[in-house]
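K.L.:
Before anything else, here's the structure in question.
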Amino acid sequence: MERKVDNLVSLPEDFNAERDLLSLSDPKFVDLKDRLYDEYKGSVSDADNSDEYFSWISCWIALYSVQTNNLGIGALLVDQDNKIVSYSHNQVFSPKFRSDAHAEMLTINDFESRQPSKCNLSGYTIYSSLEPCPMCLTRLIIAGVGRVVYVADDEYGGMVHLIDLLPKIWQDLRKTGVYTSLECCQNIKNLSSDIFAYNRERLDSTLFDGGQIGV
Ligand SMILES: [Zn+2]
């Protein structure tokens, strides 16, 4: 997809050839990048592996997010033909503070703004590198996304494992959707957790210590 939104680059045509887009040099980042490419499969030709492939891309976006000084979370929306139709990463902290700029929210915002006639995403799958939070999960339910696949569990902030606690209207709306953790690939799940952990403590402290962003 050829587009630039805020500080999000276009996804590479060839992830292998464009490894340098992930460009931080500190050892922790380089280690995450190495682990990411150790898991690179490079193709969606085998439909059975599409969940794994798109989950990998969500982790690529998540790692890119880290180098924009945002939380390491990425998301992408895929249509019935396995075509990526939208994607984004966490942008809560940069380029300016936006409390709602979660990866899933921005992905749906972008798609809806370009497809105003679409009001039903039942045939679409959103891949997120991290279990969606309450805000994002309810947004995905309202948007009617047919399938939600997330890579890493988020015991502390994720809502999918608590989906049965949503109020009744959300329970009714979510009935046709599928919400599931990626079922294979423990390496990718561990990697996604580690990407999320990379700067979470530092960035969260800027919220909880009075909103001093960028320190
Ligand atoms: Zn969220």
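Following the order of the structure tokens, chains are lettered A, B, ..., residues in each are numbered from 1, and ligands are numbered from 1.
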For range 113-118 of chain A, find every residue with an atom within 10 Å (counting only C-alpha atoms), except residues of its own chain fewer than 2 positions away, and show them as a list in words.

P.N.:
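Selected residues are Val85, Ser86, Ile108, Asn109, Asp110, Phe111, Asn120, Leu121 and Ala143 of chain A.
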
K.L.:
Around ligand 1, at most 10 Å away and counting only C-alpha atoms and all ligand atoms, which residues are there? Put them as a PyMOL selection string, please.

P.N.:
chain A and resi 73+90+99-106+128+130-140+157-159

K.L.:
Which residues are close to Tyr179 in chain A, i.e. within 7 Å by only C-alpha atoms, leaving aside same-chain residues fewer than 4 positions away? Reply as a ChimeraX atom specification.

P.N.:
/A:147-149,160

K.L.:
Write the residues you've just listed into a file as a compact mmCIF listing (two decimals), in the first residue's frame, and include N, CA and C atoms for each of them.

P.N.:
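Once written, again-v4.txt looks like this:
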# COMPACT_ATOMS: atom_id res chain seq x y z
N ARG A 147 -13.53 -10.94 12.18
CA ARG A 147 -12.57 -11.80 12.86
C ARG A 147 -11.45 -10.93 13.43
N VAL A 148 -11.14 -11.17 14.68
CA VAL A 148 -10.08 -10.43 15.37
C VAL A 148 -9.06 -11.45 15.84
N VAL A 149 -7.84 -11.33 15.33
CA VAL A 149 -6.75 -12.24 15.72
C VAL A 149 -5.66 -11.40 16.38
N VAL A 160 -10.18 -9.11 25.51
CA VAL A 160 -10.79 -10.25 24.84
C VAL A 160 -11.02 -11.40 25.83

K.L.:
Skipping near chain neighbours, those fewer than 6 positions away, what residues fall within 8 Å of Gly177 in chain A using only C-alpha atoms, listed as JSON, numbers by chain?

P.N.:
{"A": [122, 141, 144, 145, 146, 147, 148]}

K.L.:
For the selection you just gave me, I'd like the residues written to a file as a PDB file, in the first residue's frame, keeping N, CA and C atoms.

P.N.:
ATOM      1  N   SER A 122     -17.776  -7.676   8.087  1.00  0.00           N
ATOM      2  CA  SER A 122     -17.908  -9.070   8.527  1.00  0.00           C
ATOM      3  C   SER A 122     -16.964 -10.010   7.788  1.00  0.00           C
ATOM      4  N   ILE A 141     -16.014  -4.266  17.629  1.00  0.00           N
ATOM      5  CA  ILE A 141     -17.362  -4.845  17.635  1.00  0.00           C
ATOM      6  C   ILE A 141     -18.318  -3.926  16.886  1.00  0.00           C
ATOM      7  N   GLY A 144     -18.007  -3.961  13.279  1.00  0.00           N
ATOM      8  CA  GLY A 144     -18.491  -5.200  12.670  1.00  0.00           C
ATOM      9  C   GLY A 144     -17.404  -6.059  12.067  1.00  0.00           C
ATOM     10  N   VAL A 145     -16.180  -5.921  12.573  1.00  0.00           N
ATOM     11  CA  VAL A 145     -15.080  -6.730  12.042  1.00  0.00           C
ATOM     12  C   VAL A 145     -15.370  -8.206  12.320  1.00  0.00           C
ATOM     13  N   GLY A 146     -15.326  -9.011  11.272  1.00  0.00           N
ATOM     14  CA  GLY A 146     -15.741 -10.400  11.399  1.00  0.00           C
ATOM     15  C   GLY A 146     -14.821 -11.247  12.242  1.00  0.00           C
ATOM     16  N   ARG A 147     -13.534 -10.939  12.176  1.00  0.00           N
ATOM     17  CA  ARG A 147     -12.568 -11.802  12.863  1.00  0.00           C
ATOM     18  C   ARG A 147     -11.451 -10.934  13.435  1.00  0.00           C
ATOM     19  N   VAL A 148     -11.142 -11.166  14.681  1.00  0.00           N
ATOM     20  CA  VAL A 148     -10.084 -10.430  15.367  1.00  0.00           C
ATOM     21  C   VAL A 148      -9.056 -11.450  15.840  1.00  0.00           C
TER      22      VAL A 148
END

K.L.:
With a distance cut-off of 10 Å and only C-alpha atoms, select the neighbouring residues of Tyr150 in chain A, excluding the residue or stretch itself and same-chain residues fewer than 4 positions from it, and output the selection as JSON, numbers by chain.

P.N.:
{"A": [51, 55, 58, 75, 126, 127, 128, 129, 130, 131, 132, 154, 160, 179, 180, 181, 182, 183, 189, 192]}

K.L.:
Keeping N, CA and C atoms, export the residues of the selection given above as a short mmCIF file (atom, residue, chain, number, x, y, z; two decimals), in the first residue's frame.

P.N.:
data_model
loop_
_atom_site.label_atom_id
_atom_site.label_comp_id
_atom_site.auth_asym_id
_atom_site.auth_seq_id
_atom_site.Cartn_x
_atom_site.Cartn_y
_atom_site.Cartn_z
N ASP A 51 -2.63 -16.60 8.71
CA ASP A 51 -2.70 -16.02 10.05
C ASP A 51 -1.30 -15.75 10.59
N SER A 55 0.18 -12.04 11.18
CA SER A 55 0.59 -11.78 12.56
C SER A 55 2.03 -11.31 12.60
N SER A 58 2.08 -7.75 11.72
CA SER A 58 1.66 -6.90 12.85
C SER A 58 2.83 -6.67 13.79
N ALA A 75 -1.22 -3.08 13.97
CA ALA A 75 -2.45 -3.75 13.54
C ALA A 75 -2.61 -3.60 12.04
N ILE A 126 -8.96 -8.44 11.35
CA ILE A 126 -7.94 -7.51 11.84
C ILE A 126 -6.94 -8.32 12.67
N TYR A 127 -5.68 -8.09 12.38
CA TYR A 127 -4.59 -8.71 13.14
C TYR A 127 -3.97 -7.63 14.01
N SER A 128 -3.85 -7.93 15.28
CA SER A 128 -3.19 -6.99 16.19
C SER A 128 -2.06 -7.72 16.90
N SER A 129 -0.96 -7.02 17.11
CA SER A 129 0.17 -7.68 17.77
C SER A 129 -0.09 -7.91 19.25
N LEU A 130 -1.11 -7.23 19.79
CA LEU A 130 -1.41 -7.36 21.21
C LEU A 130 -2.93 -7.48 21.39
N GLU A 131 -3.32 -8.23 22.39
CA GLU A 131 -4.74 -8.36 22.71
C GLU A 131 -5.39 -6.99 22.84
N PRO A 132 -6.48 -6.74 22.11
CA PRO A 132 -7.10 -5.41 22.15
C PRO A 132 -7.58 -5.01 23.55
N ASP A 154 -2.59 -10.02 26.67
CA ASP A 154 -2.32 -8.89 27.56
C ASP A 154 -3.19 -9.06 28.81
N VAL A 160 -10.18 -9.11 25.51
CA VAL A 160 -10.79 -10.25 24.84
C VAL A 160 -11.02 -11.40 25.83
N TYR A 179 -13.17 -13.82 17.94
CA TYR A 179 -12.10 -13.10 18.64
C TYR A 179 -11.16 -14.15 19.20
N THR A 180 -9.96 -14.16 18.69
CA THR A 180 -9.10 -15.30 19.04
C THR A 180 -7.64 -14.92 19.12
N SER A 181 -6.95 -15.58 19.99
CA SER A 181 -5.50 -15.46 20.08
C SER A 181 -4.86 -16.33 18.99
N LEU A 182 -3.75 -15.86 18.44
CA LEU A 182 -3.02 -16.67 17.47
C LEU A 182 -2.70 -18.01 18.09
N GLU A 183 -3.03 -19.09 17.39
CA GLU A 183 -2.98 -20.39 18.04
C GLU A 183 -1.66 -21.13 17.89
N LYS A 189 4.59 -15.04 19.51
CA LYS A 189 3.84 -14.50 20.65
C LYS A 189 4.80 -13.92 21.69
N SER A 192 6.24 -10.67 20.30
CA SER A 192 5.30 -9.55 20.38
C SER A 192 5.22 -8.98 21.80
#

K.L.:
Got a sec to tell me which of chain A DSSP assigns to helix (DSSP H, G or I), as number ranges by chain?

P.N.:
A: 19-21, 27-38, 47-67, 103-114, 134-143, 160-165, 168-176, 186-208

K.L.:
Measuring atom to atom with only C-alpha atoms, identify which of A:Thr125, A:Asp38, A:Leu203, A:Val66 is nearest to Asn187 in chain A.

P.N.:
A:Asp38

K.L.:
From the DSSP assignment of the backbone, select every residue of range 25-184 of chain A that is strand (DSSP E or B), and format the answer as number ranges by chain.

P.N.:
A: 74-78, 84-89, 125-130, 147-152, 178-181

K.L.:
Filtering to N, CA and C atoms, could you give me those residues as an mmCIF file, in the first residue's frame?

P.N.:
data_model
loop_
_atom_site.group_PDB
_atom_site.id
_atom_site.type_symbol
_atom_site.label_atom_id
_atom_site.label_comp_id
_atom_site.auth_asym_id
_atom_site.auth_seq_id
_atom_site.Cartn_x
_atom_site.Cartn_y
_atom_site.Cartn_z
ATOM 1 N N GLY A 74 1.150 -3.024 16.718
ATOM 2 C CA GLY A 74 0.771 -2.815 15.323
ATOM 3 C C GLY A 74 -0.497 -3.575 14.984
ATOM 4 N N ALA A 75 -1.216 -3.082 13.972
ATOM 5 C CA ALA A 75 -2.450 -3.746 13.539
ATOM 6 C C ALA A 75 -2.608 -3.597 12.036
ATOM 7 N N LEU A 76 -3.289 -4.575 11.425
ATOM 8 C CA LEU A 76 -3.607 -4.463 10.007
ATOM 9 C C LEU A 76 -4.945 -5.128 9.736
ATOM 10 N N LEU A 77 -5.642 -4.580 8.743
ATOM 11 C CA LEU A 77 -6.947 -5.091 8.342
ATOM 12 C C LEU A 77 -6.800 -5.764 6.985
ATOM 13 N N VAL A 78 -7.331 -6.981 6.886
ATOM 14 C CA VAL A 78 -7.150 -7.804 5.688
ATOM 15 C C VAL A 78 -8.530 -8.216 5.160
ATOM 16 N N ILE A 84 -4.152 -6.648 2.201
ATOM 17 C CA ILE A 84 -4.092 -5.687 3.307
ATOM 18 C C ILE A 84 -4.754 -4.394 2.852
ATOM 19 N N VAL A 85 -5.793 -3.977 3.553
ATOM 20 C CA VAL A 85 -6.530 -2.786 3.140
ATOM 21 C C VAL A 85 -6.274 -1.598 4.060
ATOM 22 N N SER A 86 -5.705 -1.830 5.213
ATOM 23 C CA SER A 86 -5.366 -0.731 6.115
ATOM 24 C C SER A 86 -4.430 -1.265 7.206
ATOM 25 N N TYR A 87 -3.671 -0.354 7.786
ATOM 26 C CA TYR A 87 -2.779 -0.765 8.878
ATOM 27 C C TYR A 87 -2.340 0.477 9.627
ATOM 28 N N SER A 88 -1.908 0.281 10.839
ATOM 29 C CA SER A 88 -1.361 1.411 11.590
ATOM 30 C C SER A 88 -0.638 0.887 12.825
ATOM 31 N N HIS A 89 -0.041 1.812 13.549
ATOM 32 C CA HIS A 89 0.611 1.445 14.806
ATOM 33 C C HIS A 89 0.203 2.434 15.878
ATOM 34 N N THR A 125 -10.633 -9.474 8.460
ATOM 35 C CA THR A 125 -9.909 -9.883 9.667
ATOM 36 C C THR A 125 -8.954 -8.771 10.069
ATOM 37 N N ILE A 126 -8.963 -8.438 11.350
ATOM 38 C CA ILE A 126 -7.937 -7.510 11.843
ATOM 39 C C ILE A 126 -6.939 -8.319 12.667
ATOM 40 N N TYR A 127 -5.675 -8.095 12.381
ATOM 41 C CA TYR A 127 -4.587 -8.712 13.139
ATOM 42 C C TYR A 127 -3.965 -7.634 14.012
ATOM 43 N N SER A 128 -3.847 -7.926 15.282
ATOM 44 C CA SER A 128 -3.191 -6.989 16.191
ATOM 45 C C SER A 128 -2.058 -7.725 16.903
ATOM 46 N N SER A 129 -0.962 -7.022 17.110
ATOM 47 C CA SER A 129 0.165 -7.679 17.767
ATOM 48 C C SER A 129 -0.095 -7.912 19.248
ATOM 49 N N LEU A 130 -1.112 -7.228 19.786
ATOM 50 C CA LEU A 130 -1.414 -7.356 21.212
ATOM 51 C C LEU A 130 -2.930 -7.480 21.392
ATOM 52 N N ARG A 147 -13.534 -10.939 12.176
ATOM 53 C CA ARG A 147 -12.568 -11.802 12.863
ATOM 54 C C ARG A 147 -11.451 -10.934 13.435
ATOM 55 N N VAL A 148 -11.142 -11.166 14.681
ATOM 56 C CA VAL A 148 -10.084 -10.430 15.367
ATOM 57 C C VAL A 148 -9.056 -11.450 15.840
ATOM 58 N N VAL A 149 -7.836 -11.328 15.330
ATOM 59 C CA VAL A 149 -6.753 -12.236 15.720
ATOM 60 C C VAL A 149 -5.661 -11.405 16.382
ATOM 61 N N TYR A 150 -5.278 -11.778 17.578
ATOM 62 C CA TYR A 150 -4.195 -11.047 18.238
ATOM 63 C C TYR A 150 -3.062 -12.003 18.581
ATOM 64 N N VAL A 151 -1.871 -11.433 18.653
ATOM 65 C CA VAL A 151 -0.681 -12.265 18.795
ATOM 66 C C VAL A 151 -0.379 -12.516 20.275
ATOM 67 N N ALA A 152 -0.071 -11.470 21.010
ATOM 68 C CA ALA A 152 0.317 -11.647 22.415
ATOM 69 C C ALA A 152 -0.873 -11.398 23.332
ATOM 70 N N VAL A 178 -15.607 -13.336 15.548
ATOM 71 C CA VAL A 178 -14.677 -14.309 16.126
ATOM 72 C C VAL A 178 -13.509 -13.525 16.719
ATOM 73 N N TYR A 179 -13.174 -13.822 17.943
ATOM 74 C CA TYR A 179 -12.102 -13.105 18.642
ATOM 75 C C TYR A 179 -11.160 -14.149 19.203
ATOM 76 N N THR A 180 -9.955 -14.156 18.693
ATOM 77 C CA THR A 180 -9.105 -15.299 19.035
ATOM 78 C C THR A 180 -7.635 -14.916 19.119
ATOM 79 N N SER A 181 -6.946 -15.584 19.987
ATOM 80 C CA SER A 181 -5.501 -15.461 20.076
ATOM 81 C C SER A 181 -4.859 -16.327 18.991
#

K.L.:
Report, in Å to a single decimal, how far apart CA of Asp204 in chain A and CA of Leu24 in chain A are.

P.N.:
20.7 Å
